[in-house]
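Here is the file protein12.cif (mmCIF, C-alpha atoms).
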data_start
loop_
_atom_site.label_atom_id
_atom_site.label_comp_id
_atom_site.auth_asym_id
_atom_site.auth_seq_id
_atom_site.Cartn_x
_atom_site.Cartn_y
_atom_site.Cartn_z
CA MET A 15 64.24 26.23 62.30
CA THR A 16 62.20 25.75 59.15
CA THR A 17 63.55 28.97 57.68
CA LEU A 18 67.15 27.91 58.42
CA LEU A 19 66.66 24.58 56.64
CA LEU A 20 65.19 26.34 53.63
CA GLN A 21 68.12 28.72 53.47
CA GLN A 22 70.72 25.97 53.75
CA GLY A 23 69.45 23.97 50.77
CA PRO A 24 71.40 20.91 49.51
CA LEU A 25 75.04 20.38 50.47
CA ALA A 26 77.58 22.30 48.46
CA GLY A 27 78.94 20.41 45.53
CA SER A 28 76.17 17.82 45.47
CA ALA A 29 73.42 17.60 42.87
CA PRO A 30 69.90 17.85 44.25
CA THR A 31 68.12 14.51 44.20
CA THR A 32 64.40 13.85 43.80
CA GLU A 33 64.14 13.13 47.53
CA SER A 34 65.84 16.42 48.41
CA LYS A 35 63.49 18.34 46.10
CA VAL A 36 60.44 16.72 47.70
CA GLU A 37 61.79 17.47 51.19
CA ALA A 38 62.56 21.05 50.24
CA GLU A 39 59.05 21.51 48.85
CA ARG A 40 57.57 20.03 52.02
CA LEU A 41 59.62 22.34 54.22
CA ARG A 42 58.67 25.30 52.04
CA GLU A 43 54.96 24.50 52.39
CA ALA A 44 55.33 24.06 56.15
CA TRP A 45 57.10 27.41 56.39
CA LEU A 46 54.41 29.15 54.32
CA ALA A 47 51.68 27.60 56.47
CA GLU A 48 53.47 28.75 59.61
CA GLU A 49 53.84 32.28 58.27
CA GLU A 50 50.16 32.35 57.23
CA SER A 51 49.11 31.19 60.70
CA VAL A 52 51.15 33.93 62.37
CA ARG A 53 49.72 36.59 60.05
CA SER A 54 46.16 35.32 60.63
CA GLN A 55 46.54 35.36 64.41
CA SER A 56 48.01 38.85 64.29
CA PHE A 57 45.19 40.06 62.02
CA TRP A 58 42.39 38.75 64.21
CA LYS A 59 44.08 40.05 67.35
CA GLU A 60 44.32 43.52 65.85
CA THR A 61 40.73 43.27 64.56
CA GLY A 62 39.51 42.41 68.07
CA ARG A 63 41.42 45.33 69.55
CA ARG A 64 39.96 47.81 67.05
CA PHE A 65 36.44 46.42 67.51
CA LEU A 66 36.62 46.70 71.30
CA SER A 67 37.76 50.31 70.96
CA ASN A 68 34.54 51.12 69.06
CA LYS A 69 32.01 51.95 71.79
CA VAL A 70 29.05 51.94 69.42
CA GLY A 71 29.99 48.54 68.02
CA VAL A 72 30.53 47.07 71.48
CA SER A 73 27.15 48.42 72.64
CA ALA A 74 25.42 46.94 69.59
CA ALA A 75 27.16 43.59 70.12
CA GLY A 76 26.03 43.72 73.75
CA VAL A 77 22.41 44.17 72.68
CA VAL A 78 22.74 41.22 70.29
CA LEU A 79 24.26 39.10 73.05
CA LEU A 80 21.42 40.01 75.44
CA LEU A 81 18.82 39.02 72.85
CA VAL A 82 20.55 35.70 72.23
CA LEU A 83 20.92 34.93 75.93
CA ALA A 84 17.29 35.90 76.62
CA ALA A 85 16.12 33.52 73.90
CA ILE A 86 18.31 30.66 75.14
CA PHE A 87 17.43 31.05 78.81
CA ALA A 88 13.79 32.06 78.33
CA PRO A 89 12.45 29.45 80.83
CA LEU A 90 14.71 30.93 83.51
CA ILE A 91 13.69 34.51 82.79
CA THR A 92 9.90 34.17 82.90
CA SER A 93 7.51 31.71 84.51
CA TYR A 94 4.62 32.47 82.14
CA ASP A 95 3.66 30.11 79.34
CA PRO A 96 3.82 32.01 76.03
CA LEU A 97 1.01 29.90 74.58
CA VAL A 98 -1.45 30.01 77.49
CA GLY A 99 -3.40 33.13 78.42
CA ASN A 100 -6.20 34.31 80.64
CA PRO A 101 -9.12 36.02 78.85
CA ALA A 102 -9.83 38.03 82.01
CA ASP A 103 -6.38 39.65 81.70
CA ARG A 104 -6.51 40.50 78.00
CA LEU A 105 -4.90 43.73 76.79
CA LEU A 106 -3.38 44.80 80.08
CA GLY A 107 -1.00 47.74 79.91
CA VAL A 108 2.71 47.73 80.63
CA PHE A 109 3.50 46.84 84.29
CA SER A 110 -0.14 45.91 84.90
CA GLY A 111 -1.27 42.85 86.86
CA GLY A 112 2.27 41.50 87.25
CA HIS A 113 2.94 41.57 83.51
CA VAL A 114 6.06 43.61 82.69
CA LEU A 115 5.11 44.23 79.05
CA GLY A 116 1.36 43.75 79.44
CA THR A 117 -0.74 41.08 77.76
CA ASP A 118 -1.99 40.41 74.24
CA GLU A 119 -5.51 40.02 72.88
CA GLN A 120 -5.83 36.56 74.48
CA GLY A 121 -4.37 37.49 77.87
CA ARG A 122 -0.96 35.94 77.20
CA ASP A 123 2.08 37.54 78.81
CA MET A 124 3.84 39.70 76.23
CA PHE A 125 7.26 39.46 77.87
CA ALA A 126 7.12 35.67 77.76
CA ARG A 127 6.05 35.72 74.13
CA ILE A 128 8.83 38.18 73.27
CA VAL A 129 11.66 36.16 74.84
CA TYR A 130 10.37 32.83 73.51
CA GLY A 131 9.65 34.43 70.14
CA GLY A 132 13.24 35.58 70.02
CA ARG A 133 14.21 31.96 69.43
CA LEU A 134 12.22 31.81 66.21
CA SER A 135 13.23 35.27 65.04
CA LEU A 136 16.93 34.72 65.72
CA VAL A 137 16.88 31.33 64.00
CA ALA A 138 15.18 32.99 61.02
CA GLY A 139 18.00 35.54 61.01
CA PHE A 140 21.11 33.44 61.62
CA VAL A 141 20.36 30.21 59.74
CA PRO A 142 19.47 31.72 56.32
CA THR A 143 22.47 34.05 56.53
CA LEU A 144 24.86 31.20 57.35
CA VAL A 145 23.51 28.86 54.67
CA ALA A 146 23.41 31.63 52.06
CA ALA A 147 26.99 32.61 52.94
CA LEU A 148 28.22 29.04 52.43
CA ILE A 149 26.35 28.47 49.15
CA GLY A 150 26.94 31.98 47.81
CA THR A 151 30.66 31.80 48.60
CA ALA A 152 30.98 28.47 46.79
CA ILE A 153 29.18 29.85 43.74
CA GLY A 154 31.05 33.16 43.72
CA VAL A 155 34.52 31.68 44.18
CA THR A 156 33.85 29.09 41.50
CA ALA A 157 32.60 31.71 39.04
CA GLY A 158 35.51 34.00 39.87
CA MET A 159 38.14 31.35 39.27
CA ILE A 160 36.57 29.64 36.25
CA SER A 161 36.14 32.02 33.37
CA GLY A 162 34.11 31.13 30.35
CA LEU A 163 30.78 29.35 30.01
CA ILE A 164 30.56 27.85 33.50
CA GLY A 165 31.41 31.05 35.36
CA SER A 166 29.12 33.15 33.19
CA ALA A 167 26.24 30.68 33.55
CA LEU A 168 26.54 30.69 37.33
CA MET A 169 26.53 34.47 37.62
CA ARG A 170 23.76 34.95 35.06
CA ALA A 171 21.60 32.60 37.12
CA MET A 172 22.37 34.72 40.19
CA ASP A 173 21.53 37.87 38.22
CA VAL A 174 18.11 36.46 37.36
CA LEU A 175 17.31 35.96 41.05
CA TYR A 176 18.92 39.27 42.00
CA ALA A 177 16.70 41.13 39.51
CA PHE A 178 13.64 40.49 41.71
CA PRO A 179 13.08 42.73 44.75
CA ALA A 180 14.13 40.76 47.82
CA ILE A 181 10.83 40.92 49.66
CA LEU A 182 8.80 39.99 46.56
CA LEU A 183 11.04 37.01 45.86
CA ALA A 184 10.73 35.91 49.50
CA ILE A 185 6.95 36.22 49.35
CA ALA A 186 6.80 34.25 46.10
CA VAL A 187 8.97 31.44 47.45
CA GLY A 188 7.21 31.45 50.82
CA ALA A 189 3.78 31.34 49.23
CA SER A 190 4.87 28.45 47.01
CA LEU A 191 6.24 26.43 49.92
CA GLY A 192 3.53 27.30 52.44
CA PRO A 193 3.72 28.61 56.01
CA GLY A 194 6.23 27.31 58.53
CA LEU A 195 9.61 28.24 60.00
CA THR A 196 11.50 25.82 57.75
CA ASN A 197 9.91 27.25 54.62
CA THR A 198 10.62 30.77 55.84
CA VAL A 199 14.29 29.88 56.29
CA ILE A 200 14.39 28.40 52.78
CA ALA A 201 12.74 31.48 51.26
CA VAL A 202 15.09 33.93 52.97
CA THR A 203 18.12 31.78 52.09
CA ILE A 204 17.21 31.83 48.39
CA VAL A 205 16.90 35.61 48.55
CA PHE A 206 20.36 36.06 50.09
CA ILE A 207 22.39 33.65 47.94
CA PRO A 208 22.68 35.96 44.87
CA PRO A 209 24.10 39.04 46.68
CA VAL A 210 26.58 36.93 48.64
CA ALA A 211 27.64 35.21 45.41
CA ARG A 212 28.21 38.57 43.74
CA VAL A 213 30.38 39.79 46.63
CA ALA A 214 32.36 36.54 46.60
CA GLU A 215 32.79 36.61 42.82
CA SER A 216 33.97 40.23 42.84
CA ALA A 217 36.44 39.58 45.66
CA THR A 218 37.71 36.41 43.94
CA ARG A 219 38.38 38.17 40.65
CA ARG A 220 40.33 40.82 42.54
CA VAL A 221 42.43 38.16 44.27
CA VAL A 222 43.12 35.90 41.27
CA SER A 223 44.81 38.79 39.46
CA ARG A 224 47.53 38.96 42.11
CA GLU A 225 51.05 37.73 41.42
CA TYR A 226 51.09 35.07 44.15
CA ILE A 227 48.12 33.32 42.49
CA GLU A 228 50.02 33.17 39.22
CA ALA A 229 53.04 31.84 41.11
CA ALA A 230 50.90 29.12 42.65
CA ARG A 231 49.63 28.16 39.19
CA LEU A 232 53.18 27.93 37.85
CA THR A 233 54.09 25.48 40.60
CA GLY A 234 51.40 23.15 39.26
CA ALA A 235 48.89 23.62 42.08
CA SER A 236 45.34 22.63 41.21
CA ARG A 237 42.45 25.10 41.18
CA ILE A 238 40.91 23.47 44.24
CA ARG A 239 44.17 23.80 46.15
CA ILE A 240 44.61 27.42 45.08
CA ALA A 241 41.02 28.20 46.05
CA ARG A 242 41.42 26.58 49.45
CA SER A 243 44.84 27.92 50.40
CA GLN A 244 45.11 31.24 48.56
CA VAL A 245 41.71 32.56 47.48
CA LEU A 246 39.36 31.74 50.36
CA PRO A 247 41.55 33.25 53.12
CA ASN A 248 41.66 36.51 51.16
CA VAL A 249 37.95 36.77 50.32
CA LEU A 250 36.51 35.62 53.66
CA ASN A 251 36.90 39.07 55.20
CA ASP A 252 34.58 40.64 52.63
CA ILE A 253 32.08 37.81 52.95
CA ILE A 254 32.06 37.85 56.77
CA VAL A 255 31.49 41.60 56.91
CA TYR A 256 28.77 41.54 54.27
CA SER A 257 27.01 38.50 55.72
CA SER A 258 26.99 39.92 59.25
CA GLY A 259 24.90 42.81 57.98
CA LEU A 260 22.38 40.42 56.45
CA VAL A 261 21.27 38.95 59.80
CA GLY A 262 19.16 41.98 60.68
CA ILE A 263 17.70 42.10 57.17
CA ALA A 264 16.89 38.39 57.41
CA MET A 265 14.99 38.97 60.66
CA ILE A 266 12.97 41.77 59.06
CA THR A 267 12.23 39.64 55.98
CA ALA A 268 11.17 36.66 58.10
CA ALA A 269 9.00 38.93 60.25
CA SER A 270 7.41 40.33 57.11
CA LEU A 271 6.53 36.82 55.93
CA SER A 272 5.04 36.02 59.33
CA PHE A 273 3.09 39.27 59.28
CA LEU A 274 1.55 38.13 55.98
CA GLY A 275 0.76 34.67 57.39
CA LEU A 276 3.62 32.89 55.62
CA GLY A 277 5.79 32.32 58.68
CA SER A 278 5.43 30.15 61.76
CA PRO A 279 1.74 29.24 62.18
CA PRO A 280 -0.15 30.51 65.24
CA PRO A 281 -0.02 30.41 68.18
CA ALA A 282 3.79 30.38 67.81
CA PRO A 283 5.24 33.51 69.47
CA GLU A 284 7.01 34.87 66.41
CA TRP A 285 7.58 38.62 66.41
CA GLY A 286 6.13 39.23 62.95
CA TYR A 287 2.97 37.23 63.70
CA MET A 288 2.64 38.99 67.07
CA LEU A 289 2.80 42.35 65.34
CA ASN A 290 0.00 41.28 63.01
CA SER A 291 -2.21 39.83 65.73
CA MET A 292 -1.92 42.99 67.85
CA ARG A 293 -3.04 45.37 65.09
CA GLY A 294 -6.55 45.45 66.50
CA ALA A 295 -5.25 46.63 69.87
CA LEU A 296 -3.37 49.60 68.44
CA TYR A 297 -6.02 52.10 69.59
CA VAL A 298 -6.61 50.37 72.94
CA GLU A 299 -3.06 49.69 74.15
CA PRO A 300 -0.76 51.26 71.53
CA LEU A 301 2.44 50.71 73.51
CA VAL A 302 1.76 47.01 74.02
CA ALA A 303 0.78 46.63 70.36
CA MET A 304 4.07 48.19 69.24
CA ILE A 305 6.33 46.05 71.45
CA PRO A 306 6.99 43.30 68.82
CA GLY A 307 7.84 45.97 66.25
CA ILE A 308 10.15 47.70 68.73
CA PHE A 309 12.10 44.47 69.27
CA ILE A 310 12.31 43.80 65.52
CA PHE A 311 13.67 47.33 65.02
CA LEU A 312 16.06 47.02 67.98
CA ALA A 313 17.49 43.70 66.78
CA SER A 314 17.90 44.92 63.21
CA VAL A 315 19.67 48.14 64.21
CA ALA A 316 21.93 46.29 66.66
CA PHE A 317 23.03 43.78 64.01
CA ASN A 318 23.64 46.53 61.43
CA MET A 319 25.67 48.67 63.83
CA ALA A 320 27.72 45.68 64.96
CA SER A 321 28.33 44.81 61.30
CA ASP A 322 29.54 48.34 60.53
CA ALA A 323 31.89 48.22 63.52
CA LEU A 324 33.22 44.85 62.37
CA ARG A 325 33.83 46.20 58.88
CA GLU A 326 35.80 49.14 60.26
CA ALA A 327 37.78 46.84 62.56
CA MET A 328 38.70 44.45 59.75
CA ASP A 329 39.72 47.25 57.38
CA SER A 330 43.39 47.86 58.19
CA ARG A 331 43.36 51.04 56.11
CA LEU A 332 41.06 52.83 58.59
#
Could you take the file, read its structure, and then write that structure out as structure tokens?
Amino acid sequence: MTTLLLQQGPLAGSAPTTESKVEAERLREAWLAEEESVRSQSFWKETGRRFLSNKVGVSAAGVVLLLVLAAIFAPLITSYDPLVGNPADRLLGVFSGGHVLGTDEQGRDMFARIVYGGRLSLVAGFVPTLVAALIGTAIGVTAGMISGLIGSALMRAMDVLYAFPAILLAIAVGASLGPGLTNTVIAVTIVFIPPVARVAESATRRVVSREYIEAARLTGASRIRIARSQVLPNVLNDIIVYSSGLVGIAMITAASLSFLGLGSPPPAPEWGYMLNSMRGALYVEPLVAMIPGIFIFLASVAFNMASDALREAMDSRL
């Protein structure tokens, strides 16, 4: 219906009035929005189909889902208190004394500490990635659309932060702020903003050179409107794929800070802190001592494999 009205135009033999021009522009925008919605729905439907056909990606996503569900429903999975132990049961092996994953150096159930610790580790992975994606996208899109002093200043500031190795920058920020989950999230977020901004800026510069962006400028559309309606929908794919791969890296970085004593303070069951506290038991119960590291590795690999599968699914050229 909208397309038919656009094709008909004003009545033959009559001069277009201001009202007819406004109505035609409104109908044109509605038609473009409708077409964009259809294309978006078709794209995501096809992306979902390709992702589900990737067995490795689906398996990795299943592992991620299990970790998330275990962290959410931890009280329903185990009856042990992750903060309370029994010194008489310290350093029990796997499947010993009713403890599926054994006990730590204070007799606390390792399975309970793993599932409850997943809450802290997953928060330290998801939250910094999400915040860094939002801030980095805003900086990158702004720098990509605004050439000159402002755009250069924004990206040079990102380059200064990007010049530092990620883990060293996280340690420096974490040490300055002090231990705690909130400070860990802030430190990891600061580390991830520059690479996300660079991806967003590169994708934006690629998009703004297209003809439809120039056409939007000629119609008098503002930069904010062009960024919202034309640029963001075309750069989000790159940002989503790149950011999804940062979750596993964020978990490793947060665990590293906790291992160094800059994360959640004890006795919080955080995987990095657990790995540090169990170092002394490595020669007594090596398998139990390695369990936190195994879960850190498992979560990181699962997120990276799921991210790779998502990238392949979203790339229509593959």
On this structure, which residues satisfy the PyMOL selection byres ((chain A and resi 275) around 12), written as an MDAnalysis selection string?
-> chainID A and resid 185 188:189 192:195 198 268:274 276:282 284:291
Output C-alpha atoms of each residue in that selection to a file, as a PDB file, in the frame of the given file.
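result-v8.pdb was written with the following content:
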ATOM      1  CA  ILE A 185       6.950  36.220  49.350  1.00  0.00           C
ATOM      2  CA  GLY A 188       7.210  31.450  50.820  1.00  0.00           C
ATOM      3  CA  ALA A 189       3.780  31.340  49.230  1.00  0.00           C
ATOM      4  CA  GLY A 192       3.530  27.300  52.440  1.00  0.00           C
ATOM      5  CA  PRO A 193       3.720  28.610  56.010  1.00  0.00           C
ATOM      6  CA  GLY A 194       6.230  27.310  58.530  1.00  0.00           C
ATOM      7  CA  LEU A 195       9.610  28.240  60.000  1.00  0.00           C
ATOM      8  CA  THR A 198      10.620  30.770  55.840  1.00  0.00           C
ATOM      9  CA  ALA A 268      11.170  36.660  58.100  1.00  0.00           C
ATOM     10  CA  ALA A 269       9.000  38.930  60.250  1.00  0.00           C
ATOM     11  CA  SER A 270       7.410  40.330  57.110  1.00  0.00           C
ATOM     12  CA  LEU A 271       6.530  36.820  55.930  1.00  0.00           C
ATOM     13  CA  SER A 272       5.040  36.020  59.330  1.00  0.00           C
ATOM     14  CA  PHE A 273       3.090  39.270  59.280  1.00  0.00           C
ATOM     15  CA  LEU A 274       1.550  38.130  55.980  1.00  0.00           C
ATOM     16  CA  LEU A 276       3.620  32.890  55.620  1.00  0.00           C
ATOM     17  CA  GLY A 277       5.790  32.320  58.680  1.00  0.00           C
ATOM     18  CA  SER A 278       5.430  30.150  61.760  1.00  0.00           C
ATOM     19  CA  PRO A 279       1.740  29.240  62.180  1.00  0.00           C
ATOM     20  CA  PRO A 280      -0.150  30.510  65.240  1.00  0.00           C
ATOM     21  CA  PRO A 281      -0.020  30.410  68.180  1.00  0.00           C
ATOM     22  CA  ALA A 282       3.790  30.380  67.810  1.00  0.00           C
ATOM     23  CA  GLU A 284       7.010  34.870  66.410  1.00  0.00           C
ATOM     24  CA  TRP A 285       7.580  38.620  66.410  1.00  0.00           C
ATOM     25  CA  GLY A 286       6.130  39.230  62.950  1.00  0.00           C
ATOM     26  CA  TYR A 287       2.970  37.230  63.700  1.00  0.00           C
ATOM     27  CA  MET A 288       2.640  38.990  67.070  1.00  0.00           C
ATOM     28  CA  LEU A 289       2.800  42.350  65.340  1.00  0.00           C
ATOM     29  CA  ASN A 290       0.000  41.280  63.010  1.00  0.00           C
ATOM     30  CA  SER A 291      -2.210  39.830  65.730  1.00  0.00           C
TER      31      SER A 291
END
Decode the PyMOL selection byres ((chain A and resi 158) around 6) for the given file into explicit residues and return them as a PDB file with C-alpha atoms, in the frame of the given file.
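Saved as selection_39.pdb:
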ATOM      1  CA  GLY A 154      31.050  33.160  43.720  1.00  0.00           C
ATOM      2  CA  VAL A 155      34.520  31.680  44.180  1.00  0.00           C
ATOM      3  CA  THR A 156      33.850  29.090  41.500  1.00  0.00           C
ATOM      4  CA  ALA A 157      32.600  31.710  39.040  1.00  0.00           C
ATOM      5  CA  MET A 159      38.140  31.350  39.270  1.00  0.00           C
ATOM      6  CA  ILE A 160      36.570  29.640  36.250  1.00  0.00           C
ATOM      7  CA  GLU A 215      32.790  36.610  42.820  1.00  0.00           C
ATOM      8  CA  THR A 218      37.710  36.410  43.940  1.00  0.00           C
ATOM      9  CA  ARG A 219      38.380  38.170  40.650  1.00  0.00           C
TER      10      ARG A 219
END
Mind dumping a table of every range 129-186 of chain A residue within 6 Å of range 77-99 of chain A, with the nearest atom pair and its distance in Å to one decimal, using all atoms listed in the file, sorted by chain and rising number, as a Markdown table?
| residue | atom | partner | partner_atom | distance |
| --- | --- | --- | --- | --- |
| A:Val129 | CA | A:Ala85 | CA | 5.3 |
| A:Tyr130 | CA | A:Ala85 | CA | 5.8 |
| A:Gly132 | CA | A:Ala85 | CA | 5.3 |
| A:Arg133 | CA | A:Ala85 | CA | 5.1 |
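For the set A:Val213, A:Ile128, A:Leu232, A:Leu296, the residue with the smallest atom-to-atom gap to Ile253 in chain A is A:Val213, counting all atoms listed in the file.
Take CA of Tyr176 in chain A and CA of Arg237 in chain A: the distance between them is 27.5 Å.
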Record the distance separating CA of Leu191 in chain A and CA of Ser166 in chain A, expressed in Å with one decimal.
->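 Straight-line distance from CA of Leu191 in chain A to CA of Ser166 in chain A works out to 29.1 Å.
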Using the chain letters and numbers from the file, give me the residues hit by the PyMOL selection byres ((chain A and resi 226) around 12), as a PDB file with C-alpha atoms, keeping the file's coordinate frame.
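Result went into expr24.pdb, see below:
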ATOM      1  CA  VAL A 221      42.430  38.160  44.270  1.00  0.00           C
ATOM      2  CA  VAL A 222      43.120  35.900  41.270  1.00  0.00           C
ATOM      3  CA  SER A 223      44.810  38.790  39.460  1.00  0.00           C
ATOM      4  CA  ARG A 224      47.530  38.960  42.110  1.00  0.00           C
ATOM      5  CA  GLU A 225      51.050  37.730  41.420  1.00  0.00           C
ATOM      6  CA  ILE A 227      48.120  33.320  42.490  1.00  0.00           C
ATOM      7  CA  GLU A 228      50.020  33.170  39.220  1.00  0.00           C
ATOM      8  CA  ALA A 229      53.040  31.840  41.110  1.00  0.00           C
ATOM      9  CA  ALA A 230      50.900  29.120  42.650  1.00  0.00           C
ATOM     10  CA  ARG A 231      49.630  28.160  39.190  1.00  0.00           C
ATOM     11  CA  LEU A 232      53.180  27.930  37.850  1.00  0.00           C
ATOM     12  CA  THR A 233      54.090  25.480  40.600  1.00  0.00           C
ATOM     13  CA  ALA A 235      48.890  23.620  42.080  1.00  0.00           C
ATOM     14  CA  ILE A 240      44.610  27.420  45.080  1.00  0.00           C
ATOM     15  CA  SER A 243      44.840  27.920  50.400  1.00  0.00           C
ATOM     16  CA  GLN A 244      45.110  31.240  48.560  1.00  0.00           C
ATOM     17  CA  VAL A 245      41.710  32.560  47.480  1.00  0.00           C
ATOM     18  CA  ASN A 248      41.660  36.510  51.160  1.00  0.00           C
TER      19      ASN A 248
END
Given only C-alpha atoms as the counted atoms, nearest of A:Met265, A:Val249, A:Leu105, A:Met304 to Pro142 in chain A =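 Going through A:Met265, A:Val249, A:Leu105, A:Met304 one by one, the smallest distance to Pro142 in chain A is for A:Met265.
If you look at CA of Arg63 in chain A and CA of Ile254 in chain A, they are 17.5 Å away from each other.
The residue that comes closest to Ser257 in chain A, out of A:Pro179, A:Pro300, A:Pro306, A:Gly150 and on the basis of only C-alpha atoms, is A:Gly150.
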